[in-house]
Each structure stands twice: as structure tokens, then as C-alpha cells.
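Remarks on the structure that follows.
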Amino acid sequence: MNAPVAAPPASSRSTTKLAIVGAGAVGSTMAYAALMRGAARTVALLDINRAKVQAEVLDLRHGLEFMPPATVEGSDDVAVCAGADVVVFTAGAKQKPGQSRLDLAESTIGLVRTILPGLLDVAPDATYVMVTNPVDIVTYAALKVSGLPPHQLFGSGTVLDSSRLRHLVAEHCGVAVQNVHAYIAGEHGDSEIPLWSSASIGGVPLLEWQGRPGFGPLTASVREAIAHDVVRSAYTIIEGKGATNYAVGLAGSRIVEAILGDERRVLPVSTLLENFYGIDDVCLSVPALVDRRGCDGRIDVPLSNDEYDGLKRSATALKEAARGFGF
Ligand SMILES: NC(=O)C1=CN([C@@H]2O[C@H](COP(=O)(O)OP(=O)(O)OC[C@H]3O[C@@H](n4cnc5c(N)ncnc54)[C@H](O)[C@@H]3O)[C@@H](O)[C@H]2O)C=CC1
Ligand SMILES: CC(=O)C(=O)O
């Protein structure tokens with residue numbers, strides 16, 4: 001008798017559908033990244049700008065020969081998102097040079113109120129991943145507007161910032177970025193903080209890293225400079241080319257893969273925190289498990305006193321901002 005055949009991973013089932021709302025710099029690059037990485041079998045783009053979404057779909061379709069099997073759809077009608085397993089929300093204004101992410105809150109919250117109810121009608125069971133900035137406030141607002149449970153709706157948080165941190169640490173230490181385990185926590189924005197005390201390189205606690213020939217140690221001043229560079233990254237890129245898109249596209253695809261592939265991947269997504277070291281009722285990022293259920297619980301990562309204080313400050317800043325918008 002044949003042994004029972006295990007179900008294929010969700011990411012390879014022909015039914016997996018990723019809907020991306022907003023076909024701008026972030027949404028269309030995320031679609032490209034998701035297709036390249038085989039994250040879903042159907043990628044659907046929704047944008048209010050019909051000509052733009054049709055053009056992006058056509059361009060992506062012309063590359064399908066060179067990608068894992070998939071189909072691409074796009075429309076200015078929300079019906080294109082029907083039955084999606086994951087909906088990623090990237091619609092909305094982006095920062096102009098010099099603007100902070102928080103400056104976008106009012107218009108983005110308005111968009112969430114407008115778009116989310118229609119999405120919930122056509123994709124009630126999807127996992128919702130918010131990306132539009134300021135992502136932590138937008139995630140909090142979207143939870144209130146939708147009434148969805150926090151595991152089903154969360155934000156991309158500091159997945160992107162953590163990859164920036166890992167890149168800078170890897171460069172400084174002369175190791176592969178994949179061997180750096182380090183997280184940025186808190187706001188996806190100016191008050192974010194690196195969790196140095198739990199970071200490691202190839203199993204060596206990062207705070208004990210002695211350097212290697214040709215590469216200096218990670219002194220306190222180097223760590224401070226790296227943390228500053230992470231916060232400044234988006235501003236630097238926006239000053240140079242008007243938007244960030246490649247790394248966020250990949251970071252978003254990574255989250256989608258963790259969901260559709262039921263990966264239980266530890267990712268610093270932005271979720272509603274309740275009673276996390278005394279932090280309550282605010283969306284911000286700490287390492288959490290992401291799988292087919294969505295955000296399936298956070299990791300109780302140990303924090304140094306400085307990290308705890310930083311996270312508290314970040315939570316306070318976000319709560320004050322959310323309150324300013326009536327939440
Ligand atoms: N959380 C993160 O890590 C990151 C977040 N972002 C944020 O992502 C957002 C999008 O950035 P970009 O793609 O560069 O902006 P963009 O301006 O290139 O694209 C936004 C798209 O949203 C569409 N849109 C506007 N209203 C809509 C509606 N009612 N329905 C459907 N589509 C609608 C627009 O037509 C446009 O195509 C910004 O808020 C940006 O700050 C950007 C990078 C990283
Ligand atoms: C724009 C933005 O949020 C980022 O690149 O981090």
C-alpha cells in the first residue's frame with residue numbers, strides 16, 4: 001500500500017492568490033518580487049488608476065515565461081481581489097523628501113476607511129498585511145475599521161528595517177547577511193530601536209563579537225552609527241530617487257511566503273500588543289511567528305533596560321499619534 005501523500009505546501013497549491021492594493025512603486029515591485037519567488041499562483045493588482053494598473057499587469061505578464069508558473073490580473077475594480085488568501089495594502093501617498101512617515105497618517109487612514117470595507121466583502125478570509133505608511137498607525141486604524149482579529153491583520157512593520165540593519169552589520173563585520181540575526185523593534189519610523197542584546201552572528205552573541213582580520217569590532221559607537229543609518233535609510237533613498245521599492249518589495253514577499261507556506265517564520269511584523277512588558281493597545285513590531293493563520297503569536301524576546309526604555313518611548317509616540325487621529 002502506498003504511504004499517504006502529504007499535502008503540498010500552501011505556496012505551491014494552484015489556488016494561492018495574493019492581492020496587492022496599490023500598483024505604485026511598492027505594490028508593483030512587490031508583485032514582481034512575489035512572482036519571481038513563486039510566492040503565489042495568482043497575483044492580482046488593484047489600483048484606482050486604471051491605465052497604470054493595466055500597464056503594470058501587461059509588463060509583468062510579459063515576464064511570466066521566466067518565472068515560476070503564475071497568472072497576473074489587475075483592475076480598478078475591487079472584484080479582482082475576490083477570494084484572495086493574502087491582501088497586501090500599499091495604496092496611498094508616499095513621503096516627499098523631508099516628510100516623515102507620520103505626516104502621511106491622515107490621508108492614509110482616510111484611504112483605509114474607503115477601501116477596506118469593499119475588500120472585506122470580496123476577501124473576508126484573507127490575511128491582511130498593511131504596508132502603507134505610517135504602517136503602525138495604519139495597522140491600528142485598520143484593525144478598528146475592519147473588526148478583524150489581530151492575527152488576521154497586521155503590518156509589515158520592521159521587516160524591512162531589520163534587513164537594513166542586517167545588511168549594515170554584515171558589511172561591517174565581513175560576514176554573509178544571512179548569518180546575521182538581529183531585529184529592529186518598535187515603530188517603523190524614527191523612534192525604532194535595534195535589539196542588540198539578543199542579536200547574534202553565526203551563533204556568537206553580537207555584543208561579544210570581537211571582529212575578524214580586516215574588519216573592526218562592533219563597538220558602541222559603531223552600533224550607534226549603524227542604528228542611525230537604519231533610521232535614515234528611507235530618507236536617503238527618497239532624496240535620491242523619490243521612493244523605496246526593491247527591498248520593501250522583497251520584504252513584503254517574504255511575509256506573504258511565510259503566510260502561504262505556513263512557515264512559522266520569525267518576522268518583526270507590526271501587531272497589536274497587549275501586555276507586552278507592560279506595553280498595551282498599540283501596534284508596533286517585535287519578533288513574531290508568521291504562518292497560515294497570520295501572525296500567530298509573538299516571541300518574548302529578552303530586552304536590555306535600554307531596549308525596554310526605547311520600546312516604551314516608541315509605543316508612547318505611536319499612541320499619541322494614533323490618539324491625534326481619533327483612535
Ligand atoms: N512599510 C514599509 O516598509 C514601506 C511603506 N511604504 C509606503 O507605501 C506606500 C506606497 O508607496 P509607493 O508605492 O511608493 O507610492 P505610489 O504613489 O507609487 O503608489 C501608490 C499607489 O496607490 C494608488 N492608490 C491611491 N488611492 C487608491 C485607491 N483608493 N485604491 C487603489 N489604489 C489607490 C495610486 O494610484 C498609486 O498607484 C506609501 O505610504 C509609502 O510610504 C513604502 C516603502 C516601505
Ligand atoms: C518609505 C519607507 O517606509 C521605507 O523605505 O522604510
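So you can find residues: chains in the C-alpha cells are A, B, ... in the order shown, residues in each start at 1, and ligands are numbered from 1 in order.
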
How would you report the residues lying within 10 Å of ligand 2, as an mmCIF file with C-alpha atoms, in the first residue's frame, if you count only C-alpha atoms and all ligand atoms?
```cif
data_model
loop_
_atom_site.group_PDB
_atom_site.id
_atom_site.type_symbol
_atom_site.label_atom_id
_atom_site.label_comp_id
_atom_site.auth_asym_id
_atom_site.auth_seq_id
_atom_site.Cartn_x
_atom_site.Cartn_y
_atom_site.Cartn_z
ATOM 1 C CA VAL A 26 5.854 49.479 -3.798
ATOM 2 C CA LYS A 94 4.308 58.351 -0.195
ATOM 3 C CA GLN A 95 6.683 60.671 1.665
ATOM 4 C CA LYS A 96 8.067 63.658 -0.171
ATOM 5 C CA SER A 100 8.251 61.797 7.993
ATOM 6 C CA ARG A 101 6.051 58.717 7.719
ATOM 7 C CA VAL A 131 2.347 48.375 4.239
ATOM 8 C CA THR A 132 1.188 51.948 3.578
ATOM 9 C CA ASN A 133 2.740 54.455 5.974
ATOM 10 C CA PRO A 134 2.745 55.238 8.782
ATOM 11 C CA VAL A 135 2.344 51.472 8.911
ATOM 12 C CA SER A 156 4.866 44.750 7.543
ATOM 13 C CA GLY A 157 6.433 46.594 10.478
ATOM 14 C CA THR A 158 10.196 46.482 10.754
ATOM 15 C CA VAL A 159 10.859 43.502 8.479
ATOM 16 C CA LEU A 160 12.427 45.970 6.035
ATOM 17 C CA ASP A 161 14.305 47.901 8.745
ATOM 18 C CA ARG A 164 18.696 47.106 6.534
ATOM 19 C CA HIS A 188 8.629 51.521 11.506
ATOM 20 C CA GLY A 189 9.974 55.039 11.664
ATOM 21 C CA ASP A 190 12.048 57.498 13.576
ATOM 22 C CA VAL A 230 18.961 52.346 9.506
ATOM 23 C CA VAL A 231 16.637 55.162 10.570
ATOM 24 C CA ARG A 232 17.991 57.448 7.822
ATOM 25 C CA SER A 233 17.873 54.785 5.050
ATOM 26 C CA ALA A 234 14.433 55.621 3.711
ATOM 27 C CA TYR A 235 15.132 59.388 3.783
ATOM 28 C CA THR A 236 18.379 58.881 1.854
ATOM 29 C CA ILE A 237 16.751 56.731 -0.821
ATOM 30 C CA ILE A 238 13.719 59.011 -1.157
ATOM 31 C CA GLY A 242 11.688 59.546 -4.822
ATOM 32 C CA ALA A 243 10.621 56.189 -3.340
ATOM 33 C CA THR A 244 11.907 52.973 -1.836
ATOM 34 C CA ASN A 245 10.718 49.872 -3.657
ATOM 35 C CA TYR A 246 13.105 46.930 -4.142
ATOM 36 C CA ALA A 247 13.830 45.944 -0.541
ATOM 37 C CA VAL A 248 10.272 46.574 0.611
#
```

### Message
If we count only C-alpha atoms and set the cut-off at 12 Å, which residues sit around Tyr140 of chain A, ignoring sequence neighbours fewer than 6 positions away in its own chain? Please answer as a ChimeraX atom specification.
### Response
/A:105,108-109,112,129-130,133-134,146-150,153-155,157,270-273,281-284,318-319,321-323,325-327

### Task
Using only C-alpha atoms, determine which residues lie at most 10 Å from segment 250-265 of chain A, disregarding the query and same-chain residues fewer than 4 positions distant; provide the list as JSON, numbers by chain.
{"A": [8, 9, 10, 11, 12, 13, 16, 17, 18, 26, 27, 29, 30, 31, 32, 33, 34, 35, 36, 37, 38, 39, 40, 85, 86, 87, 88, 127, 128, 129, 130, 131, 155, 156, 157, 158, 159, 160, 161, 162, 163, 245, 246, 269, 287, 288, 289, 290, 291, 292, 293, 294, 295, 296, 297]}

### Query
Please, what distance in Å, to one decimal, runs between atom 16 (P, counted along the ligand's line) of ligand 1 and atom CA of Ser28 of chain A?
9.4 Å

### Query
In terms of the shortest atom-to-atom distance over only C-alpha atoms, which of A:Ile137, A:Ile48, A:Ala170, A:Gly310 is closest to Thr114 of chain A?
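Checking each of A:Ile137, A:Ile48, A:Ala170, A:Gly310 against Thr114 of chain A, counting only C-alpha atoms, the winner is A:Ile48.
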
### Query
Can you list, as an NGL selection string, every protein, DNA or RNA residue that comes within 7 Å of segment 204-220 of chain A when you count only C-alpha atoms, leaving out same-chain residues fewer than 4 positions away?
:A and (172-174 or 196-197 or 199-200 or 224)

Could you please take those selected residues and save C-alpha atoms as a PDB file, in the first residue's frame?
```pdb
ATOM      1  CA  HIS A 172      30.878  45.980   8.882  1.00  0.00           C
ATOM      2  CA  CYS A 173      31.750  42.505  10.143  1.00  0.00           C
ATOM      3  CA  GLY A 174      32.594  40.903   6.791  1.00  0.00           C
ATOM      4  CA  TRP A 196      21.361  44.411  20.091  1.00  0.00           C
ATOM      5  CA  SER A 197      21.200  42.327  23.259  1.00  0.00           C
ATOM      6  CA  ALA A 199      21.385  39.720  18.184  1.00  0.00           C
ATOM      7  CA  SER A 200      23.908  37.158  17.015  1.00  0.00           C
ATOM      8  CA  GLU A 224      25.112  53.768  17.238  1.00  0.00           C
TER       9      GLU A 224
END
```

### Query
With only C-alpha atoms as the atoms that count, which of A:Arg41, A:Arg298, A:Asp125, A:Ser304 lies nearest to Leu267 of chain A?
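Result for the nearest residue to Leu267 of chain A: A:Arg298.
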
### Task
From a DSSP calculation on the backbone, collect every residue of segment 134-203 of chain A in strand (DSSP E or B) and output the set as number ranges by chain.
A: 153-155, 180-181, 184-186, 193-194, 200-201

### Query
With only C-alpha atoms and all ligand atoms as the basis for distance, which of A:Val72, A:Val175, A:Leu195, A:Ser285 is at the shortest distance from ligand 1?
A:Ser285
